[in-house]
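Source file entry20.cif; content: mmCIF, C-alpha atoms and all ligand atoms.
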data_final
#
loop_
_atom_site.label_atom_id
_atom_site.label_comp_id
_atom_site.auth_asym_id
_atom_site.auth_seq_id
_atom_site.Cartn_x
_atom_site.Cartn_y
_atom_site.Cartn_z
CA MET A 1 88.34 76.56 39.06
CA TYR A 2 88.13 79.53 36.67
CA ASN A 3 84.55 79.89 35.47
CA TYR A 4 84.52 80.94 31.81
CA THR A 5 81.27 82.16 30.22
CA PRO A 6 81.60 82.32 26.41
CA TRP A 7 80.86 85.75 24.90
CA THR A 8 77.73 84.91 22.97
CA VAL A 9 74.61 86.97 22.34
CA ALA A 10 72.73 84.52 24.55
CA GLY A 11 75.32 84.94 27.34
CA TYR A 12 75.15 88.72 27.04
CA GLU A 13 71.36 88.73 27.24
CA GLU A 14 71.49 86.45 30.29
CA ARG A 15 73.90 88.76 32.08
CA ARG A 16 71.87 91.85 31.13
CA ARG A 17 68.69 90.28 32.55
CA ALA A 18 70.51 89.24 35.73
CA LYS A 19 71.83 92.79 36.17
CA ILE A 20 68.36 94.33 35.73
CA ALA A 21 66.87 91.81 38.17
CA ALA A 22 69.58 92.61 40.73
CA GLU A 23 68.97 96.35 40.40
CA ARG A 24 65.25 95.83 40.85
CA ALA A 25 65.85 93.84 44.01
CA GLU A 26 68.50 96.09 45.51
CA PRO A 27 69.28 99.75 44.78
CA ARG A 28 72.94 100.54 43.98
CA MET A 29 75.13 102.54 46.39
CA ALA A 30 78.25 104.59 45.69
CA THR A 31 80.81 105.62 48.37
CA PRO A 32 78.97 107.56 51.12
CA VAL A 33 79.55 111.28 51.55
CA ILE A 34 79.97 112.59 55.11
CA SER A 35 78.46 115.87 56.22
CA PHE A 36 79.45 117.76 59.39
CA LEU A 37 77.21 119.87 61.64
CA GLY A 38 78.82 121.81 64.48
CA PRO A 39 76.97 122.84 67.68
CA SER A 40 73.96 124.69 66.37
CA GLY A 41 71.54 125.29 69.26
CA LEU A 42 68.69 123.58 67.34
CA GLU A 43 66.37 126.36 68.49
CA GLY A 44 62.74 125.28 68.21
CA PHE A 45 63.36 121.57 67.56
CA LYS A 46 60.33 119.66 68.80
CA ARG A 47 61.19 116.18 69.98
CA GLY A 48 59.10 113.31 68.65
CA LEU A 49 57.51 115.30 65.78
CA PRO A 50 58.04 114.26 62.13
CA ARG A 51 60.56 116.29 60.10
CA GLU A 52 57.82 118.01 58.05
CA GLU A 53 56.57 119.61 61.26
CA GLN A 54 59.96 120.87 62.47
CA PRO A 55 60.76 124.59 62.10
CA VAL A 56 62.77 125.56 59.00
CA THR A 57 65.49 126.92 61.29
CA VAL A 58 66.56 123.40 62.31
CA PRO A 59 69.54 122.34 60.11
CA LEU A 60 68.71 119.64 57.56
CA GLU A 61 71.72 117.58 58.64
CA PHE A 62 70.25 117.31 62.12
CA LEU A 63 66.85 116.20 60.77
CA ASP A 64 68.69 113.59 58.67
CA ALA A 65 70.66 112.40 61.72
CA MET A 66 67.39 112.08 63.66
CA GLU A 67 65.79 110.17 60.77
CA VAL A 68 68.57 107.55 61.01
CA ARG A 69 68.54 107.50 64.83
CA GLU A 70 64.77 107.03 64.94
CA LYS A 71 64.93 104.15 62.43
CA VAL A 72 67.69 102.43 64.40
CA PHE A 73 67.22 103.26 68.07
CA VAL A 74 63.44 103.84 68.20
CA ASP A 75 62.01 101.46 65.56
CA GLU A 76 64.66 98.72 65.77
CA GLN A 77 65.84 98.84 69.40
CA GLY A 78 62.68 100.12 71.11
CA VAL A 79 64.05 103.33 72.70
CA PRO A 80 61.10 105.63 73.56
CA ILE A 81 60.95 108.36 70.89
CA GLU A 82 60.81 111.13 73.51
CA ASN A 83 64.20 110.00 74.90
CA GLU A 84 66.04 109.89 71.57
CA PHE A 85 66.61 113.66 71.37
CA ASP A 86 68.34 114.90 74.50
CA ARG A 87 69.86 118.02 75.99
CA GLU A 88 73.28 117.12 74.54
CA ASP A 89 72.12 117.38 70.92
CA PRO A 90 72.08 121.20 70.62
CA ARG A 91 75.68 121.53 71.87
CA SER A 92 77.10 118.48 70.07
CA CYS A 93 78.79 117.95 66.71
CA HIS A 94 76.99 115.59 64.34
CA TRP A 95 78.22 113.71 61.29
CA VAL A 96 75.79 112.22 58.77
CA ALA A 97 76.68 109.69 56.05
CA TYR A 98 74.74 109.98 52.79
CA ALA A 99 74.51 107.38 50.07
CA SER A 100 73.83 108.23 46.49
CA VAL A 101 71.25 105.61 45.63
CA ARG A 102 70.19 104.93 42.03
CA LYS A 103 66.71 103.48 41.81
CA ILE A 104 64.78 102.30 38.78
CA ILE A 105 61.55 104.29 38.78
CA GLN A 106 60.20 102.90 35.51
CA HIS A 107 61.01 99.56 33.89
CA GLU A 108 61.64 99.13 30.19
CA GLU A 109 58.79 97.69 28.13
CA LYS A 110 59.01 96.18 24.64
CA ASP A 111 56.46 95.22 22.03
CA LYS A 112 56.27 91.70 20.60
CA ASP A 113 58.92 92.55 17.96
CA GLY A 114 61.42 93.58 20.62
CA ASN A 115 61.12 97.35 20.07
CA VAL A 116 61.35 99.51 23.19
CA ILE A 117 58.01 101.23 23.74
CA VAL A 118 58.59 102.48 27.28
CA PRO A 119 62.23 103.38 28.13
CA ARG A 120 63.74 102.51 31.47
CA LYS A 121 64.06 105.50 33.82
CA SER A 122 66.12 105.82 36.96
CA GLU A 123 66.78 108.55 39.52
CA THR A 124 69.61 109.15 41.99
CA ARG A 125 68.72 110.24 45.52
CA CYS A 126 70.94 111.30 48.38
CA THR A 127 69.78 109.27 51.38
CA PRO A 128 70.95 109.59 55.01
CA ILE A 129 72.21 106.15 56.04
CA GLY A 130 74.35 106.65 59.13
CA THR A 131 75.22 109.09 61.88
CA ILE A 132 77.41 109.71 64.94
CA ARG A 133 77.64 112.56 67.45
CA LEU A 134 80.40 114.06 69.58
CA VAL A 135 79.41 115.51 72.96
CA PRO A 136 81.94 118.08 74.15
CA PHE A 137 82.98 118.63 77.76
CA PRO A 138 81.93 119.78 80.34
CA HIS A 139 79.36 117.05 80.90
CA TRP A 140 76.00 117.48 82.56
CA ASP A 141 76.08 114.12 84.25
CA PRO A 142 78.71 112.14 86.17
CA HIS A 143 79.85 108.70 84.99
CA PRO A 144 76.92 106.27 85.17
CA THR A 145 76.54 104.27 88.37
CA LYS A 146 77.43 100.57 88.07
CA GLY A 147 74.31 98.45 87.82
CA ALA A 148 71.95 101.47 87.51
CA LYS A 149 69.02 101.54 85.10
CA TYR A 150 68.55 104.86 83.23
CA TRP A 151 65.52 106.01 81.27
CA GLY A 152 65.89 109.33 79.46
CA GLY A 153 69.01 110.09 81.52
CA LEU A 154 67.32 109.51 84.89
CA THR A 155 67.73 106.49 87.14
CA GLU A 156 64.67 104.47 88.15
CA GLU A 157 65.16 105.85 91.70
CA GLU A 158 65.10 109.46 90.41
CA ILE A 159 62.00 108.73 88.33
CA ALA A 160 60.36 107.33 91.48
CA GLY A 161 61.11 110.66 93.21
CA GLN A 162 63.89 109.42 95.53
CA LYS A 163 66.72 111.83 96.37
CA VAL A 164 69.99 110.70 94.75
CA GLU A 165 73.49 111.94 95.72
CA LYS A 166 75.34 113.47 92.74
CA PRO A 167 78.63 115.37 92.45
CA VAL A 168 78.26 119.09 93.19
CA LYS A 169 78.24 121.11 89.98
CA THR A 170 79.24 124.71 89.51
CA ASP A 171 77.26 127.08 87.30
CA ILE A 172 79.29 126.03 84.29
CA ARG A 173 79.18 122.35 85.10
CA TYR A 174 82.83 121.49 85.77
CA PHE A 175 82.90 119.09 88.69
CA VAL A 176 84.94 116.30 90.14
CA ASP A 177 83.63 112.92 89.01
CA ARG A 178 84.38 109.45 90.36
CA LYS A 179 87.67 107.88 89.26
CA THR A 180 87.52 105.09 86.70
CA SER A 181 90.21 102.92 85.10
CA PHE A 182 90.99 105.50 82.39
CA HIS A 183 89.62 108.76 83.83
CA ASP A 184 91.02 110.48 86.91
CA GLY A 185 87.64 112.10 87.52
CA GLN A 186 88.84 115.57 86.52
CA GLU A 187 90.45 115.57 83.08
CA PRO A 188 88.19 116.93 80.33
CA TYR A 189 87.03 114.26 77.90
CA VAL A 190 84.71 114.23 74.90
CA LYS A 191 82.09 111.56 74.30
CA LEU A 192 81.26 109.79 71.03
CA GLY A 193 77.81 108.26 70.77
CA ARG A 194 74.52 107.74 68.90
CA LEU A 195 76.42 105.71 66.28
CA ALA A 196 73.85 104.19 63.95
CA VAL A 197 73.73 102.78 60.43
CA ILE A 198 70.41 101.79 58.94
CA PRO A 199 70.08 98.00 58.50
CA GLU A 200 70.19 97.82 54.66
CA TYR A 201 73.60 99.57 54.62
CA ARG A 202 75.36 97.65 57.41
CA GLY A 203 78.54 95.71 56.77
CA GLY A 204 79.75 98.27 54.19
CA ARG A 205 82.16 100.11 56.55
CA VAL A 206 79.81 103.10 56.94
CA ALA A 207 80.28 103.10 60.73
CA SER A 208 84.06 102.87 60.27
CA LEU A 209 84.00 105.87 57.97
CA LEU A 210 81.92 107.88 60.46
CA VAL A 211 84.07 107.01 63.50
CA LYS A 212 87.35 107.61 61.67
CA THR A 213 86.08 110.93 60.30
CA ALA A 214 85.07 112.08 63.80
CA LEU A 215 88.41 110.98 65.36
CA LYS A 216 90.35 112.75 62.58
CA TRP A 217 88.30 115.92 63.09
CA MET A 218 89.13 115.85 66.83
CA CYS A 219 92.86 115.53 66.09
CA GLU A 220 92.64 118.46 63.70
CA ASN A 221 90.61 120.60 66.13
CA PRO A 222 92.05 119.86 69.59
CA ASN A 223 91.22 123.34 70.94
CA ARG A 224 87.65 123.42 69.70
CA PHE A 225 85.96 123.03 73.09
CA ASP A 226 88.59 124.46 75.43
CA PRO A 227 87.07 127.26 77.50
CA SER A 228 88.34 130.81 77.29
CA VAL A 229 90.18 131.50 80.54
CA LYS A 230 90.13 135.20 79.76
CA ALA A 231 86.34 135.27 79.44
CA LYS A 232 85.49 133.01 82.38
CA GLY A 233 88.38 133.33 84.81
CA LEU A 234 90.34 130.47 86.38
CA GLU A 235 88.16 130.29 89.47
CA ARG A 236 84.87 129.81 87.61
CA LEU A 237 86.50 127.15 85.46
CA CYS A 238 87.36 125.18 88.62
CA ALA A 239 91.00 125.12 87.54
CA ILE A 240 92.92 122.15 88.87
CA ASP A 241 96.26 123.17 90.45
CA GLY A 242 95.87 126.56 88.81
CA LYS A 243 95.59 125.03 85.32
CA PRO A 244 92.49 125.53 83.15
CA PRO A 245 90.64 122.39 81.97
CA LEU A 246 91.99 121.70 78.49
CA TRP A 247 91.21 118.70 76.32
CA MET A 248 94.24 116.42 76.00
CA GLY A 249 92.83 113.79 73.66
CA LEU A 250 90.70 111.64 75.99
CA VAL A 251 87.63 110.18 74.21
CA CYS A 252 84.91 108.17 75.93
CA VAL A 253 82.17 105.93 74.54
CA HIS A 254 79.16 104.49 76.33
CA ALA A 255 79.03 101.38 74.18
CA GLN A 256 76.18 98.94 73.90
CA GLU A 257 77.64 95.73 75.33
CA LYS A 258 76.91 93.77 72.15
CA VAL A 259 79.07 96.07 69.98
CA VAL A 260 82.12 96.32 72.24
CA GLU A 261 84.18 94.34 69.71
CA VAL A 262 83.31 96.87 67.02
CA TRP A 263 84.52 99.83 69.13
CA LYS A 264 87.73 97.89 69.93
CA ARG A 265 88.53 97.84 66.21
CA TRP A 266 88.68 101.66 66.32
CA GLY A 267 91.09 101.75 69.27
CA PHE A 268 88.75 101.89 72.30
CA GLU A 269 89.37 99.82 75.44
CA ILE A 270 86.89 98.74 78.10
CA ASP A 271 86.99 100.75 81.33
CA GLU A 272 86.56 97.91 83.86
CA GLU A 273 85.92 100.29 86.76
CA MET A 274 82.86 101.79 85.02
CA GLY A 275 81.09 98.41 85.13
CA ILE A 276 77.82 97.71 83.34
CA TRP A 277 74.68 99.81 83.48
CA HIS A 278 71.43 99.98 81.46
CA GLU A 279 70.25 102.84 79.24
CA GLU A 280 66.71 102.47 77.89
CA GLY A 281 66.85 98.80 78.87
CA ILE A 282 70.08 98.14 76.90
CA PRO A 283 73.28 97.06 78.75
CA HIS A 284 76.18 99.51 78.28
CA VAL A 285 79.87 99.62 79.21
CA GLY A 286 82.38 102.48 79.29
CA MET A 287 85.27 102.55 76.81
CA PHE A 288 88.10 105.07 76.32
CA GLN A 289 90.95 105.91 74.01
CA ARG A 290 93.51 108.72 74.04
CA LEU A 291 94.15 110.43 70.73
CA ASP A 292 97.64 111.61 69.95
CA PHE A 293 97.50 114.94 68.14
CA GLY A 294 101.05 116.03 68.96
CA GLU A 295 101.72 119.41 70.59
CA LYS A 296 98.62 121.32 71.68
CA PRO A 297 98.47 124.28 69.29
CA ILE A 298 98.22 127.75 70.86
CA LEU A 299 95.29 129.58 69.34
CA LEU A 300 95.20 133.24 68.51
CA LYS A 301 92.30 135.13 70.03
CA GLN A 302 90.33 135.25 66.76
CA ASP A 303 90.70 131.47 66.22
CA ARG A 304 89.02 130.61 69.47
CA ILE A 305 85.39 129.48 69.48
CA PRO A 306 84.65 129.18 73.19
CA GLN A 307 80.84 129.34 73.35
CA GLU A 308 78.97 126.68 75.18
CA ILE A 309 75.58 126.12 73.64
CA SER A 310 72.75 125.81 76.13
CA PRO A 311 69.86 123.49 75.42
CA PRO A 312 66.85 125.12 73.75
CA SER A 313 64.55 126.78 76.24
CA SER A 314 61.55 124.97 74.75
CA THR A 315 63.00 121.61 75.78
CA ILE A 316 61.88 120.12 79.06
CA PHE A 317 64.30 117.72 80.74
C1 LIG A 401 77.15 98.81 65.10
C2 LIG A 401 76.87 99.44 63.75
C3 LIG A 401 76.92 100.95 63.87
C4 LIG A 401 77.97 98.95 62.75
O1 LIG A 401 77.76 99.59 61.49
P1 LIG A 401 78.40 99.03 60.14
O2 LIG A 401 78.40 100.12 59.13
O3 LIG A 401 77.74 97.76 59.77
O4 LIG A 401 79.88 98.72 60.63
P2 LIG A 401 81.16 98.57 59.69
O5 LIG A 401 80.74 97.91 58.41
O6 LIG A 401 81.87 99.87 59.59
O7 LIG A 401 82.02 97.53 60.54
C5 LIG A 401 83.18 97.91 61.24
C6 LIG A 401 83.88 96.65 61.72
O8 LIG A 401 83.12 96.05 62.76
C7 LIG A 401 82.71 94.72 62.39
N1 LIG A 401 81.31 94.59 62.86
C8 LIG A 401 80.24 95.28 62.42
N2 LIG A 401 79.14 94.95 63.15
C9 LIG A 401 79.56 94.01 64.05
C10 LIG A 401 78.90 93.30 65.09
N3 LIG A 401 77.60 93.45 65.34
N4 LIG A 401 79.65 92.43 65.83
C11 LIG A 401 80.99 92.28 65.61
N5 LIG A 401 81.66 92.94 64.63
C12 LIG A 401 80.95 93.79 63.87
C13 LIG A 401 82.83 94.68 60.89
O9 LIG A 401 83.08 93.37 60.43
C14 LIG A 401 84.01 95.59 60.64
O10 LIG A 401 85.21 94.93 60.89
P3 LIG A 401 86.45 95.01 59.85
O11 LIG A 401 86.77 96.47 59.73
O12 LIG A 401 87.53 94.22 60.49
O13 LIG A 401 85.90 94.41 58.60
C15 LIG A 401 75.48 98.99 63.17
O14 LIG A 401 75.40 97.60 63.22
C16 LIG A 401 74.29 99.58 63.94
O15 LIG A 401 73.82 100.68 63.61
N6 LIG A 401 73.81 98.85 64.94
C17 LIG A 401 72.64 99.28 65.73
C18 LIG A 401 72.94 100.51 66.58
C19 LIG A 401 74.09 100.27 67.53
O16 LIG A 401 74.22 99.23 68.14
N7 LIG A 401 74.92 101.33 67.66
C20 LIG A 401 76.05 101.31 68.55
C21 LIG A 401 75.71 102.03 69.79
S1 LIG A 401 77.04 102.00 70.95
#
Give the structure from the file, written as structure tokens.
Ligand SMILES: CC(C)(COP(=O)(O)OP(=O)(O)OC[C@H]1O[C@@H](n2cnc3c(N)ncnc32)[C@H](O)[C@@H]1OP(=O)(O)O)[C@@H](O)C(=O)NCCC(=O)NCCS
Amino acid sequence: MYNYTPWTVAGYEERRRAKIAAERAEPRMATPVISFLGPSGLEGFKRGLPREEQPVTVPLEFLDAMEVREKVFVDEQGVPIENEFDREDPRSCHWVAYASVRKIIQHEEKDKDGNVIVPRKSETRCTPIGTIRLVPFPHWDPHPTKGAKYWGGLTEEEIAGQKVEKPVKTDIRYFVDRKTSFHDGQEPYVKLGRLAVIPEYRGGRVASLLVKTALKWMCENPNRFDPSVKAKGLERLCAIDGKPPLWMGLVCVHAQEKVVEVWKRWGFEIDEEMGIWHEEGIPHVGMFQRLDFGEKPILLKQDRIPQEISPPSSTIF
């Protein structure tokens, strides 16, 4: 039934008090703003150190992305802090969602006659609340082994010093991988990952906004990671049937098993052949989708951005 509150001074005062109480309990949030950071090298980034101790050369967006990732993956999910930053970060694209949060920093005070003696003050801060990253091809590692347990990218066998068979890599890391349900083992694919939204902002479609922004960016930049055949030569690129490895819209996700349903909402399907494996103690499955960006545009020489960014030399893997 329609709930009518009469417009009386008493009613107004009641609503005003309720609004102030709600604002005290929970800061307000406007629509998040998304910021993009392309592959940046992250020279000098020191894993595990607080942001105040990072060199000024490290882009702020990356420090913000790490702030969110540490809150979610390290504090909430128990991933060791030294494994949260990895060798993919310097060569990846990162998106960060920021919320404009208005907080009351001083409450209004009145004297006994109802006169305001201390006015209410508020401030608006831009806070990082979510992030996602896109790892371009070629990939350092083959598809995970079914049933394996990885810590910091290494299997328990590798950590124990046992020799493990891996696909042979060339100097530029194009290699033939094992076939899965969606991947023929050779086609270049990009990988979305490190999707995180801090707990207070969940359920507000922040993750949806991040994933959709990243997928749209890929459709608008389908040549972004294609290698320059002219610079590298077909042979060094391990061309398949004389064709250079070009990205044709294949996107992979290593999804935490408990959020598979969420990734399905954005068009990803489980790759049954990839099975289940553990990363940092958390069960993961492989998921793929193919983006349709129409005809592959032919880039002019000056449009091409072919560099691969190597991990920073200060980083030990
Ligand atoms: C998973 C996570 C990123 C979702 O963030 P979020 O901002 O709350 O997600 P959204 O609000 O955009 O939700 C997107 C959709 O998924 C649904 N959804 C969100 N979390 C869900 C969950 N845990 N289980 C099932 N459905 C879920 C939402 O209802 C929404 O569906 P709708 O569009 O039909 O309404 C967030 O919970 C998180 O950071 N979790 C911890 C880190 C993590 O697991 N990351 C994924 C690594 S693969």
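CA of Arg265 (chain A) is positioned 10.3 Å from atom N2 of ligand LIG 401 (chain A).
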Wanna dump the chain A-ligand LIG 401 (chain A) contacts at 7 Å for me, each residue with its shortest atom pair and the distance in Å to one decimal, counting all atoms listed in the file, ordered by chain and number, as a tab-separated table?
residue	atom	partner	partner_atom	distance
A:Val72	CA	A:LIG401	C18	6.0
A:Phe73	CA	A:LIG401	C18	6.5
A:Gly193	CA	A:LIG401	S1	6.3
A:Arg194	CA	A:LIG401	C21	5.9
A:Leu195	CA	A:LIG401	N7	4.8
A:Ala196	CA	A:LIG401	O15	3.5
A:Val197	CA	A:LIG401	O15	3.8
A:Ile198	CA	A:LIG401	O15	5.9
A:Pro199	CA	A:LIG401	O15	6.9
A:Tyr201	CA	A:LIG401	O2	6.6
A:Arg202	CA	A:LIG401	O3	3.4
A:Gly203	CA	A:LIG401	O5	3.5
A:Gly204	CA	A:LIG401	O5	4.3
A:Arg205	CA	A:LIG401	O6	3.1
A:Val206	CA	A:LIG401	O2	4.0
A:Ala207	CA	A:LIG401	O6	3.8
A:Ser208	CA	A:LIG401	O6	3.8
A:Leu209	CA	A:LIG401	O6	6.6
A:His254	CA	A:LIG401	S1	6.3
A:Ala255	CA	A:LIG401	S1	3.8
A:Gln256	CA	A:LIG401	S1	4.3
A:Lys258	CA	A:LIG401	N3	6.9
A:Val259	CA	A:LIG401	N3	5.5
A:Glu261	CA	A:LIG401	C11	5.6
A:Val262	CA	A:LIG401	O8	4.3
A:Arg265	CA	A:LIG401	C6	6.6
Atom-to-atom span, CA of Ser100 (chain A) and CA of Arg17 (chain A), Å: 23.3 Å
Close residues, Lys149 (chain A) itself excluded, 12 Å, only C-alpha atoms, min 2 positions apart in chain, as an NGL selection string: :A and (144-147 or 151-159 or 276-284)
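Between CA of Thr57 (chain A) and CA of Trp217 (chain A) the separation is 25.4 Å.
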Residue nearest Lys103 (chain A) among A:Ala214, A:Cys126, A:Leu246, A:Ile117 (counting only C-alpha atoms): A:Cys126
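Here the question is which of A:Trp247, A:Tyr150, A:Phe182, A:Phe288 gets nearest to Lys264 (chain A) using only C-alpha atoms, and that residue is A:Phe288.
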Residues within 7 Å of (93.3, 107.9, 71.4), counting all atoms listed in the file, listed as a PyMOL selection string: chain A and resi 249-251+267+289-292
Within 7 Å of file point (78.3, 111.0, 59.8), counting all atoms listed in the file, expressed as a PyMOL selection string: chain A and resi 34-36+94-97+130-132+210
If the box runs along x, y and z of the file and leaves 6 Å on each side of region 258-262 of chain A, what are its centre and edge lengths in Å, one decimal, as JSON?
{"center_x": 80.5, "center_y": 95.3, "center_z": 69.6, "size_x": 19.3, "size_y": 15.1, "size_z": 17.2}
